[in-house]
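Chemist: Dumping the structure here so I can ask a few things about it.
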Amino acid sequence: MESARSKWLWIVASLLILVWTVFPILWIVMLSFKQPGEIGNQKGFLPHHWTWDNYRTVFKTDLFTSALINSIGISVIATFVGVVFATLVAYAIARLEFPGKKLILSFALAIAMFPVVSLVGPLFNLWRDIGLYDTWLGLIIPYISFALPLAIWTLSAFFREIPWEMEQAAQVDGATAWQAFRKVIVPLAAPGVFTAAILTFFFCWNDFVFGISLTSSDNARPVPAALAFFTGASQFEQPTTAICAAAVVVTVPVVVIVLAFQRRIVAGLTSGAVKG
Amino acid sequence: MAAITMKKIVKRYGDGFPAVNEVSLDVRDGEFMILVGPSGCGKSTLLRMIVGLEDITSGEMVIGDRVVNRVAPRERNLSMVFQNYALYPHLTVFENIAFPLRLAKTPDAEVKRRVNETAELLELTEHLERKPANLSGGQRQRVAMGRAIVRQADAFLFDEPLSNLDAKLRGQMRTEISRLQRRLGVTTVYVTHDQTEAMTLGDRVAVLRKGVLQQVGSPRELYEQPVNLFVAGFIGSPSMNFLPASVDGTTLETPLGRFEVRDERKAAALEGREVVLVGIRPEHFEDASLVSEEKKAHGSVVAAHVDVTEWLGNELYAYVPYEAPDDLAAQLRELSRELDGDQLRTQAVVALDASSPITPGRDAELWIDTSRIHIFDPSTGDNLTRDEEHVAELGRLGEEHREAKRDAQRHAERPAPEASTSEASTSEASAPEAPTEP
Amino acid sequence: MMAAVQSAPAATKRRAGRAELSDRSRSERRLGLLLSAPAVIVMLLVTAYPLLNALYLSLFRYRITAPDDKKFVGLSNYWTALSDPLFWQNVFTTFIITFATVAVELVIGFGLAMVMHRALFARRTVRTAILLPYGIVTVISAFAWRYAFDLQSGFVNSWFGLGDYAWFSGRWSSLFVIVLSEIWKTTPFVSLLLLAGLAQVPNDLGEAATVDGATAWQRLRRVTIPNMKAAILVAVLFRTLDAWRIFDNVYIMTSGQQKTQTLSFLTYQQTITRTAIGLGDAVGVLLFLSVVLIAVVFIRGFRVDLSQVRGDR
């Protein structure tokens with residue numbers, strides 16, 4: 001019927017969405033190329049004089065470089081351990097009959113809804129008592145436990161879809177149990193595990209509450225927390241442009257992952273969300 | 001109620017391929033028209049263009065006396081039964097049937113009355129409060145039909161409505177649909193790929209192939225006087241056999257043997273040709289040993305090697321493989337593929353009397369009723385022996401048939417005092433109110 | 001009773017069968033628990049102990065700076081919190097933020113889902129673009145929006161001709177920017193859930209409704225939306241709980257000034273900044289209870305089927 005008109009409507013809508021989602025990111029990028037002196041004088045969207053200075057400043061600041069290393073290290077370790085744990089649970093839930101399956105899933109869900117801030121105070125005390133305060137491990141443990149629910153639900157939804165008879169079929173075809181696992185199950189399960197890893201990484205990368213509460217120095221402070229403290233740490237100029245340069249640096253990996261694995265992320269975020 | 005007229009309808013998709021090509025078809029008021037053809041022939045697309053779910057690339061679609069090319073589906077006042085029924089899962093059976101009325105803002109009392117009538121007609125009364133998910137396949141089918149008829153639409157459209165049912169239920173629902181249509185007398189277009197449905201339900205059947213209309217006619221006309229190889233092969237099960245034959249005067253040399261064409265009209269069709277395709281329906285063969293001498297005389301007897309037999313109780317199928325020239329064999333295989341079959345070898349299928357003693361693996365004598373054969377042009381596929389007089393007669397016969405069936409349906413229901421039909425119940429309850437059905 | 005008498009032989013047979021099975025099922029059980037153990041232990045370690053600890057400490061007057069002054073005060077911390085207008089002001093602020101973000105996100109998210117579902121043009125690009133905000137760190141989103149509205153660096157005022165309007169010196173204008181940032185960052189999640197719901201509604205239904213005489217709006221309201229109720233409720237539940245815990249945006253944008261403190265922010269401020277452990281923990285426990293309350297209302301009241309839900313933030 002009104003196909004020509006509605007086609008244009010959809011195109012306009014798509015363009016609007018592009019602008020809406022990309023615009024704030026673009027804005028941060030623009031700010032990061034402005035000279036610090038422009039803030040407060042030139043109020044446009046585009047930089048008046050393009051400069052790489054902010055990036056140089058940022059990479060010369062120990063606060064940021066150490067935060068970057070902390071963020072990467074902590075997130076990668078937490079992601080790895082979390083996904084391994086989640087894979088074990090999800091495998092058990094998808095394949096084995098044992099009591100407490102439902103309980104584990106409900107418990108995971110409850111944790112996903114947990115107000116993190118309520119725990120920050122007691123954890124702060126506990127960590128100080130046992131010496132985990134302001135260490136990588138002190139962040140890795142809470143990251144793992146709060147990223148686990150997401151990983152468990154995604155993976156068990158995913159594992160439920162795997163045709164496990166394939167494993168037996170491979171054995172009938174002459175594969176050993178190990179070969180059947182290695183050549184049939186691993187390739188089938190890998191995409192799901194990978195998706196869970198991406199989502200877990202995003203979670204860790206995004207954290208702020210634990211980052212500011214359980215650290216006090218360069219030792220373990222991750223980037224989002226460091227950015228918040230960057231504000232006050234200016235001796236000479238407005239830190240705005242430098243903060244933005246740092247923000248762009250930590251946003252780049254996210255953008256790359258989204259661009260490369262868009263399909264997987266969508267599948268992971270929606271898998272099992274609604275009965276399919 | 002309304003007639004549906006299609007004038008040179010074309011549907012072209014983005015890639016330029018015409019899914020429906022210059023189809024002109026008249027569906028008369030109150031007629032049951034079947035659209036049939038192998039998968040991908042454009043029959044569903046055509047149906048969806050009638051109802052307005054697909055745009056028409058060119059041509060004219062007229063419903064009643066209105067050109068509807070640019071009319072939104074909801075303005076067309078048609079109702080449709082979908083292949084998967086498309087029942088609204090969140091609504092009860094009652095609300096599913098009532099849905100079109102609710103959209104039309106019909107008053108509550110009226111909705112209730114009409115839904116109850118419809119439910120009674122389809123024997124759904126006890127299921128009205130259930131959700132579609134809790135119904136059996138046949139019940140869902142009936143709910144879908146209920147939603148279609150509750151509204152008194154100008155025409156009913158069916159898109160392979162029985163294909164999701166098992167064989168037994170399909171048979172029952174088929175008669176149910178037929179009875180309902182005759183009774184309501186509403187113009188109906190019905191898409192199917194099942195030829196039993198096509199033959200039993202339709203007043204007329206339209207055969208489509210790759211978006212092009214091949215032939216429209218009564219089921220009997222299609223069966224007895226097909227216009228070309230495609231229609232001949234598509235209608236009838238098992239399919240018509242096509243034997244390559246070289247012409248020698250009025251004698252045909254086929255892989256199964258030589259025989260003479262005695263019918264003058266048919267013999268005339270052979271004139272000036274070297275090669276033809278001979279079409280013989282399986283049931284026009286018989287075991288020669290079971291045929292009386294008198295009958296034998298107006299046919300021909302050939303010797304054939306029977307490969308496999310299938311005894312079905314009421315008849316016996318025998319398979320006779322034969323060699324065909326490569327080019328014709330390829331053409332026949334192509335045809336078979338187009339008809340959704342996949343015949344690997346050239347073989348004739350013959351249907352014999354069940355008492356035939358023919359054994360597989362042996363040679364046998366087969367009698368062919370040569371008066372019933374068709375002769376096709378191998379290059380164009382046209383039927384060279386179509387009998388226009390007979391076609392006209394069949395047309396008349398079909399028309400009479402249709403009238404008779406409808407009258408029978410009406411007479412069967414009107415006087416029956418205990419009939420639990422809507423007319424009966426409403427007129428009893430509230431006599432002055434006019435019955436809804438015409 | 002009857003059945004038990006009648007099926008006595010069958011019962012013994014079944015018992016035998018169970019005994020036979022038990023070896024295998026017992027080892028399966030053990031393996032299942034073994035595989036689940038690490039994850040469950042970590043989750044318990046980080047939640048159960050601190051929560052109980054918080055409950056315990058919330059009954060004391062206790063500051064880290066004065067550890068010797070620790071004193072059991074019963075429920076008086078709760079009383080202090082609940083009788084303080086500041087607490088209720090924070091509850092109100094949190095409620096406003098939650099209500100506004102969820103309502104707006106549901107509408108925008110539905111629009112985005114429709115576009116992703118129907119878009120013929122650049123489908124992949126649109127999906128990728130929608131995922132970007134999901135991946136961006138919340139703190140960075142907060143900075144981006146703050147700087148956009150900031151008097152010193154922002155372009156918003158000059159673009160919209162607002163002159164020197166100071167967004168962050170009023171309560172409602174501050175909340176507006178906070179909500180905006182939250183919406184930008186989390187709408188993708190909502191739209192993806194709704195998209196999954198939308199994909200569950202068979203195409204047939206829409207077509208059937210069209211033939212039945214429905215307008216586009218009637219189709220949406222009477223067929224599409226009722227059939228994706230599950231997805232909508234799941235999205236609302238998760239986003240409500242998520243917005244109720246909002247912290248990052250408030251911290252970065254206003255640090256709780258201009259009466260923009262939320263419950264999470266208050267808890268953080270009491271426990272970490274002011275090191276008033278007892279009082280802070282009491283607020284934390286109240287926050288926890290409010291989350292439980294919301295979840296129960298949703299699950300019981302709206303019958304969100306949690307077997308269809310996956311945990312997420």
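A note on labels: chains of the structure tokens are A, B, ... as shown, every chain counts residues from 1, and ligands are counted from 1 in their shown order.
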Which polymer residues have any atom within 12 Å of an atom of A:Val186, counting only C-alpha atoms, with same-chain residues fewer than 3 positions away left out, as number ranges by chain?
Modeler: A: 87, 91, 159, 162, 164, 166-167, 178-183, 189-194
Chemist: Keeping C-alpha atoms, export the residues of the selection given above as a PDB file, in the first residue's frame.
Modeler:
```pdb
ATOM      1  CA  THR A  87      30.570 -22.843  31.913  1.00  0.00           C
ATOM      2  CA  TYR A  91      26.974 -27.521  31.666  1.00  0.00           C
ATOM      3  CA  PHE A 159      23.815 -25.110  26.145  1.00  0.00           C
ATOM      4  CA  ILE A 162      23.148 -27.828  21.715  1.00  0.00           C
ATOM      5  CA  TRP A 164      24.021 -33.346  22.658  1.00  0.00           C
ATOM      6  CA  MET A 166      25.920 -35.399  18.410  1.00  0.00           C
ATOM      7  CA  GLU A 167      28.398 -36.468  21.022  1.00  0.00           C
ATOM      8  CA  TRP A 178      37.678 -37.083  24.373  1.00  0.00           C
ATOM      9  CA  GLN A 179      37.629 -36.738  20.590  1.00  0.00           C
ATOM     10  CA  ALA A 180      33.871 -36.468  20.629  1.00  0.00           C
ATOM     11  CA  PHE A 181      34.105 -33.655  23.167  1.00  0.00           C
ATOM     12  CA  ARG A 182      37.008 -31.955  21.439  1.00  0.00           C
ATOM     13  CA  LYS A 183      35.769 -32.168  17.841  1.00  0.00           C
ATOM     14  CA  ALA A 189      29.740 -24.605  22.551  1.00  0.00           C
ATOM     15  CA  ALA A 190      32.462 -22.116  21.657  1.00  0.00           C
ATOM     16  CA  PRO A 191      30.219 -19.365  20.254  1.00  0.00           C
ATOM     17  CA  GLY A 192      28.108 -19.352  23.415  1.00  0.00           C
ATOM     18  CA  VAL A 193      31.111 -19.263  25.689  1.00  0.00           C
ATOM     19  CA  PHE A 194      32.573 -16.479  23.618  1.00  0.00           C
TER      20      PHE A 194
END
```
Chemist: Each residue of stretch 50-138 of chain A lying at most 10 Å from stretch 226-244 of chain C should get a row with its shortest atom-to-atom pair and the distance in Å to one decimal, counting only C-alpha atoms; could you produce that, ordered by chain and increasing number, as a tab-separated table?
Modeler:
```
residue	atom	partner	partner_atom	distance
A:Ala112	CA	C:Phe238	CA	9.2
A:Met113	CA	C:Leu241	CA	6.5
A:Phe114	CA	C:Leu241	CA	8.6
A:Pro115	CA	C:Leu241	CA	8.5
```
Chemist: When DSSP is applied to the backbone of this structure, which of stretch 42-239 of chain B are assigned alpha helix (DSSP H)? Write them out as a PyMOL selection string.
Modeler: chain B and resi 43-51+93-103+108-121+137-149+167-184+195-201+219-224+229-234
Chemist: I need the contact residues of chain B against chain A, so if you could list those with any atom within 8 Å, counting only C-alpha atoms, and return them as a PDB file with C-alpha atoms, in the first residue's frame, that would help.
Modeler:
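Output saved as result-v2.pdb:
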```
ATOM      1  CA  ASP B  55       0.985  -4.958  -3.723  1.00  0.00           C
ATOM      2  CA  ARG B  70      -5.117   0.775  -3.917  1.00  0.00           C
ATOM      3  CA  VAL B  71      -7.643  -0.189  -1.280  1.00  0.00           C
ATOM      4  CA  ALA B  72      -6.284  -1.216   2.138  1.00  0.00           C
TER       5      ALA B  72
END
```
Chemist: Identify, on the basis of only C-alpha atoms, every residue whose closest approach to A:Val81 does not exceed 12 Å; exclude the query and any residue fewer than 2 positions from it along the same chain; express the result as a compact mmCIF listing (two decimals) with C-alpha atoms, in the first residue's frame.
Modeler:
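Output (selection38.txt):
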```
# COMPACT_ATOMS: atom_id res chain seq x y z
CA ILE A 74 41.39 -7.13 36.33
CA SER A 75 38.73 -7.37 33.63
CA VAL A 76 40.55 -10.05 31.66
CA ILE A 77 41.26 -12.20 34.71
CA ALA A 78 37.74 -11.79 36.09
CA THR A 79 36.24 -12.57 32.69
CA VAL A 83 33.39 -17.72 32.28
CA VAL A 84 35.12 -20.93 33.35
CA PHE A 85 32.96 -21.10 36.50
CA ALA A 86 29.82 -20.23 34.57
CA THR A 87 30.57 -22.84 31.91
CA LEU A 88 30.84 -25.54 34.56
CA LEU A 137 42.04 -9.70 43.81
CA ILE A 140 38.31 -9.57 40.77
CA ILE A 141 36.25 -11.48 43.35
CA PRO A 142 33.23 -9.15 43.37
CA TYR A 143 33.42 -8.74 39.60
CA ILE A 144 33.28 -12.49 39.13
CA SER A 145 30.39 -12.96 41.48
CA ALA A 147 29.04 -11.08 36.40
CA LEU A 148 28.33 -14.76 37.01
CA ALA A 151 27.08 -15.63 32.21
CA ALA A 196 29.30 -14.93 27.62
CA ALA A 197 32.90 -13.74 27.73
CA THR A 200 31.19 -10.49 31.24
CA PHE A 201 34.02 -8.31 30.00
CA PRO C 38 32.93 -22.78 42.59
CA ALA C 39 30.41 -20.33 41.16
CA VAL C 42 32.02 -17.10 45.03
```
Chemist: Could you pull the residues within 12 Å of C:Ile225, counting only C-alpha atoms, minus those fewer than 6 positions along the same chain, as an mmCIF file with N, CA and C atoms, in the first residue's frame?
Modeler:
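Saved the output as part.cif:
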```
data_model
loop_
_atom_site.group_PDB
_atom_site.id
_atom_site.type_symbol
_atom_site.label_atom_id
_atom_site.label_comp_id
_atom_site.auth_asym_id
_atom_site.auth_seq_id
_atom_site.Cartn_x
_atom_site.Cartn_y
_atom_site.Cartn_z
ATOM 1 N N TYR B 88 -5.190 -15.618 17.451
ATOM 2 C CA TYR B 88 -4.527 -14.732 18.401
ATOM 3 C C TYR B 88 -4.349 -15.476 19.719
ATOM 4 N N PRO B 89 -3.118 -15.791 20.097
ATOM 5 C CA PRO B 89 -2.916 -16.676 21.252
ATOM 6 C C PRO B 89 -3.366 -16.062 22.570
ATOM 7 N N HIS B 90 -3.451 -14.734 22.639
ATOM 8 C CA HIS B 90 -3.808 -14.115 23.913
ATOM 9 C C HIS B 90 -5.314 -13.995 24.093
ATOM 10 N N PHE C 110 10.710 0.536 22.370
ATOM 11 C CA PHE C 110 9.760 -0.125 21.478
ATOM 12 C C PHE C 110 9.925 0.397 20.057
ATOM 13 N N MET C 114 11.009 -1.781 16.848
ATOM 14 C CA MET C 114 10.218 -1.813 15.614
ATOM 15 C C MET C 114 11.103 -1.516 14.414
ATOM 16 N N LEU C 194 12.815 -6.218 23.792
ATOM 17 C CA LEU C 194 11.545 -6.041 23.089
ATOM 18 C C LEU C 194 11.634 -6.593 21.680
ATOM 19 N N LEU C 195 12.812 -6.459 21.082
ATOM 20 C CA LEU C 195 12.992 -7.011 19.732
ATOM 21 C C LEU C 195 12.807 -8.516 19.754
ATOM 22 N N GLY C 197 11.027 -10.120 21.842
ATOM 23 C CA GLY C 197 9.598 -10.350 22.016
ATOM 24 C C GLY C 197 8.842 -10.159 20.710
ATOM 25 N N LEU C 198 9.233 -9.130 19.993
ATOM 26 C CA LEU C 198 8.585 -8.810 18.721
ATOM 27 C C LEU C 198 8.769 -9.952 17.724
ATOM 28 N N ALA C 199 9.961 -10.531 17.758
ATOM 29 C CA ALA C 199 10.251 -11.611 16.819
ATOM 30 C C ALA C 199 9.417 -12.854 17.128
ATOM 31 N N GLN C 200 8.912 -12.914 18.379
ATOM 32 C CA GLN C 200 8.098 -14.078 18.753
ATOM 33 C C GLN C 200 6.669 -13.976 18.227
ATOM 34 N N VAL C 201 6.266 -12.789 17.839
ATOM 35 C CA VAL C 201 4.894 -12.629 17.364
ATOM 36 C C VAL C 201 4.863 -13.012 15.889
ATOM 37 N N LEU C 205 -0.176 -13.224 12.363
ATOM 38 C CA LEU C 205 -1.164 -12.584 13.218
ATOM 39 C C LEU C 205 -1.465 -11.187 12.727
ATOM 40 N N GLY C 206 -0.395 -10.455 12.400
ATOM 41 C CA GLY C 206 -0.575 -9.106 11.899
ATOM 42 C C GLY C 206 -1.387 -9.117 10.612
ATOM 43 N N TRP C 217 -2.596 0.960 13.989
ATOM 44 C CA TRP C 217 -2.582 1.224 15.431
ATOM 45 C C TRP C 217 -3.320 0.117 16.183
ATOM 46 N N GLN C 218 -4.456 -0.329 15.646
ATOM 47 C CA GLN C 218 -5.201 -1.415 16.287
ATOM 48 C C GLN C 218 -4.393 -2.705 16.294
ATOM 49 N N ARG C 219 -3.648 -2.931 15.209
ATOM 50 C CA ARG C 219 -2.806 -4.132 15.130
ATOM 51 C C ARG C 219 -1.787 -4.127 16.245
ATOM 52 N N ALA C 231 7.761 -10.307 27.241
ATOM 53 C CA ALA C 231 9.000 -9.571 26.988
ATOM 54 C C ALA C 231 8.936 -8.183 27.609
ATOM 55 N N ILE C 232 7.787 -7.542 27.505
ATOM 56 C CA ILE C 232 7.649 -6.191 28.055
ATOM 57 C C ILE C 232 7.833 -6.222 29.572
ATOM 58 N N LEU C 233 7.177 -7.184 30.226
ATOM 59 C CA LEU C 233 7.280 -7.257 31.686
ATOM 60 C C LEU C 233 8.709 -7.543 32.124
#
```
Chemist: Using only C-alpha atoms and a cut-off of 10 Å, which residues of chain B sit close to chain C? Please list them as a ChimeraX atom specification.
Modeler: /B:48,51-53,72-91,99-104,144,147-148,151,153
Chemist: Go through C:Lys259, C:Ala196, C:Asp281, C:Leu45 one by one, measure the shortest atom-to-atom distance of each to C:Leu75 using only C-alpha atoms, and give the residue with the smallest value.
Modeler: C:Asp281
Chemist: What's the 10 Å shell around B:Leu290, counting only C-alpha atoms, without same-chain residues fewer than 3 positions away, as a compact mmCIF listing (two decimals) with N, CA and C atoms, in the first residue's frame?
Modeler:
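Below you can see part_27.txt, which holds the result:
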```
# COMPACT_ATOMS: atom_id res chain seq x y z
N GLU B 286 -5.19 -51.86 -19.31
CA GLU B 286 -5.79 -52.99 -18.61
C GLU B 286 -5.01 -54.25 -18.97
N ASP B 287 -5.08 -55.19 -18.06
CA ASP B 287 -4.48 -56.49 -18.33
C ASP B 287 -5.26 -57.13 -19.48
N GLU B 293 -13.24 -59.62 -25.82
CA GLU B 293 -12.84 -59.49 -27.22
C GLU B 293 -13.45 -58.24 -27.84
N LYS B 296 -11.66 -55.28 -26.61
CA LYS B 296 -10.29 -55.31 -27.14
C LYS B 296 -10.23 -54.64 -28.50
N LEU B 352 -4.26 -51.52 -13.07
CA LEU B 352 -4.97 -52.68 -13.61
C LEU B 352 -6.01 -53.14 -12.61
N ASP B 353 -6.87 -54.01 -13.08
CA ASP B 353 -7.86 -54.59 -12.17
C ASP B 353 -7.13 -55.41 -11.11
N SER B 355 -7.71 -58.08 -9.81
CA SER B 355 -7.68 -59.54 -10.01
C SER B 355 -6.63 -59.95 -11.03
N SER B 356 -5.93 -58.98 -11.61
CA SER B 356 -4.93 -59.31 -12.63
C SER B 356 -3.83 -60.20 -12.06
N PRO B 357 -3.50 -61.25 -12.79
CA PRO B 357 -2.47 -62.18 -12.31
C PRO B 357 -1.05 -61.76 -12.70
N LEU B 366 -0.62 -55.90 -22.34
CA LEU B 366 -1.45 -54.82 -21.81
C LEU B 366 -2.33 -54.28 -22.93
N TRP B 367 -3.56 -54.03 -22.53
CA TRP B 367 -4.49 -53.43 -23.49
C TRP B 367 -4.54 -51.93 -23.21
```
Chemist: Near C:Arg30, within 8 Å and counting only C-alpha atoms, which residues show up once chain neighbours fewer than 4 positions away are dropped, as a PyMOL selection string?
Modeler: (chain A and resi 98) or (chain C and resi 26+34)
Chemist: Which of these, A:Ala157, A:Ile198, A:Leu46, A:Ala170, has the shortest distance to A:Ala260 once you count only C-alpha atoms?
Modeler: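 Answer, going by the shortest atom-to-atom distance: A:Ile198.
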Chemist: Taking only C-alpha atoms into account, name the residue in C:Gln257, C:Thr98, C:Thr47, C:Thr93 that is nearest to chain A.
Modeler: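 Between C:Gln257, C:Thr98, C:Thr47, C:Thr93, the residue approaching chain A most closely is C:Thr47.
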Chemist: Can you work out which one of C:Ile183, C:Leu193, C:Ile178, C:Leu86 has the shortest atom-to-atom distance to chain A, counting only C-alpha atoms?
Modeler: C:Leu193
Chemist: Which residues, written as a PyMOL selection string, have at least one atom at most 7 Å from B:Ile375, with only C-alpha atoms counted and residues fewer than 2 positions away on the same chain left out?
Modeler: chain B and resi 276-279+373+377+383-385
Chemist: Could you write out the selected residues, including C-alpha atoms, as an mmCIF file, in the first residue's frame?
Modeler:
```cif
data_model
loop_
_atom_site.group_PDB
_atom_site.id
_atom_site.type_symbol
_atom_site.label_atom_id
_atom_site.label_comp_id
_atom_site.auth_asym_id
_atom_site.auth_seq_id
_atom_site.Cartn_x
_atom_site.Cartn_y
_atom_site.Cartn_z
ATOM 1 C CA VAL B 276 4.823 -36.708 -30.688
ATOM 2 C CA LEU B 277 4.259 -37.400 -26.999
ATOM 3 C CA VAL B 278 1.391 -39.742 -26.307
ATOM 4 C CA GLY B 279 -0.417 -39.199 -23.012
ATOM 5 C CA ILE B 373 -5.212 -41.089 -25.453
ATOM 6 C CA ASP B 377 3.409 -31.505 -29.339
ATOM 7 C CA ASN B 383 -2.458 -30.841 -26.410
ATOM 8 C CA LEU B 384 -3.138 -31.499 -30.094
ATOM 9 C CA THR B 385 -6.266 -33.533 -29.461
#
```
Chemist: Where does DSSP see strand (DSSP E) in stretch 23-266 of chain C, if you list the residues as a PyMOL selection string?
Modeler: chain C and resi 60-63+66-72
Chemist: With N, CA and C atoms kept, could you save the residues just selected as an mmCIF file, in the first residue's frame?
Modeler:
```
data_model
loop_
_atom_site.group_PDB
_atom_site.id
_atom_site.type_symbol
_atom_site.label_atom_id
_atom_site.label_comp_id
_atom_site.auth_asym_id
_atom_site.auth_seq_id
_atom_site.Cartn_x
_atom_site.Cartn_y
_atom_site.Cartn_z
ATOM 1 N N PHE C 60 24.266 -1.489 65.293
ATOM 2 C CA PHE C 60 25.228 -0.827 66.188
ATOM 3 C C PHE C 60 25.443 0.622 65.797
ATOM 4 N N ARG C 61 25.830 1.423 66.789
ATOM 5 C CA ARG C 61 26.365 2.729 66.431
ATOM 6 C C ARG C 61 27.852 2.509 66.265
ATOM 7 N N TYR C 62 28.367 2.744 65.042
ATOM 8 C CA TYR C 62 29.728 2.310 64.774
ATOM 9 C C TYR C 62 30.314 3.175 63.681
ATOM 10 N N ARG C 63 31.438 3.814 64.006
ATOM 11 C CA ARG C 63 32.163 4.555 62.968
ATOM 12 C C ARG C 63 33.561 3.996 62.900
ATOM 13 N N ALA C 66 36.082 5.760 64.876
ATOM 14 C CA ALA C 66 36.071 5.603 66.334
ATOM 15 C C ALA C 66 35.647 4.184 66.685
ATOM 16 N N PRO C 67 36.507 3.211 66.436
ATOM 17 C CA PRO C 67 36.115 1.803 66.595
ATOM 18 C C PRO C 67 35.755 1.447 68.034
ATOM 19 N N ASP C 68 36.304 2.152 69.006
ATOM 20 C CA ASP C 68 36.027 1.802 70.409
ATOM 21 C C ASP C 68 34.629 2.218 70.838
ATOM 22 N N ASP C 69 34.043 3.105 70.025
ATOM 23 C CA ASP C 69 32.751 3.657 70.398
ATOM 24 C C ASP C 69 31.600 2.771 69.951
ATOM 25 N N LYS C 70 31.901 1.536 69.436
ATOM 26 C CA LYS C 70 30.877 0.649 68.898
ATOM 27 C C LYS C 70 29.887 0.266 69.993
ATOM 28 N N LYS C 71 28.610 0.470 69.680
ATOM 29 C CA LYS C 71 27.632 0.250 70.720
ATOM 30 C C LYS C 71 26.333 -0.285 70.130
ATOM 31 N N PHE C 72 25.760 -1.318 70.769
ATOM 32 C CA PHE C 72 24.511 -1.882 70.271
ATOM 33 C C PHE C 72 23.376 -0.902 70.489
#
```
